[in-house]
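These notes concern the structure reproduced below.
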Amino acid sequence: MKEFETTNKNVIQQLSSIEKRSGESPNTISKGTIAVEEKYGTIKFERRLKHPKEMVWKAITDQKEIFRWLPDYKGTFDGHKGGTIDLLNVVSGSHVTGNILVYDLHRVFEHEWFIAPNQMFPTGEPESVIRWS
């Protein structure tokens with residue numbers, strides 16, 4: 001397995017209202033690790049957030065909140081145990097589906113993110129999993 005670190009210095013940050021009021025500048029250097037094993041790869045980013053875990057959990061599992069940070073998507077995002085994802089990007093036509101794989105309240109949220117073939121992704125993205133922990 002190959003592993004290496006990457007840095008993206010062109011990160012565009014959207015500051016929360018708390019960050020705007022405090023005047024603090026967040027660390028905008030995006031460091032991640034990439035591990036490749038045979039034909040699959042894993043990309044891992046770690047972030048420390050200055051928000052209560054309940055607020056972060058709601059932002060990644062609540063359909064209303066999801067559509068606030070994915071405004072071009074319409075559909076369903078049932079972010080709970082046994083839930084499903086079925087989203088359509090109304091601008092690009094990208095169609096995303098998946099199942100909720102792990103739901104451990106305020107600890108782990110893992111779901112599939114399958115992208116059907118479309119103009120942006122001619123072969124789609126059939127085997128993606130996103131894990132929040």
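Within each chain, counting starts at residue 1; across the structure tokens, chains are named A, B, ... in the order shown, with ligands numbered 1 upward in that order.
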
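Close contacts of range 66-68 of chain A, defined as residues with an atom at most 12 Å away when counting only C-alpha atoms, with chain neighbours fewer than 6 positions off set aside, comprise Val56, Trp57, Lys58, Ala59, Ile60, Lys74, Gly75, Thr76, Phe77, Asp78, Gly79, Ile85, Leu87, Leu88 and Asn89 of chain A.
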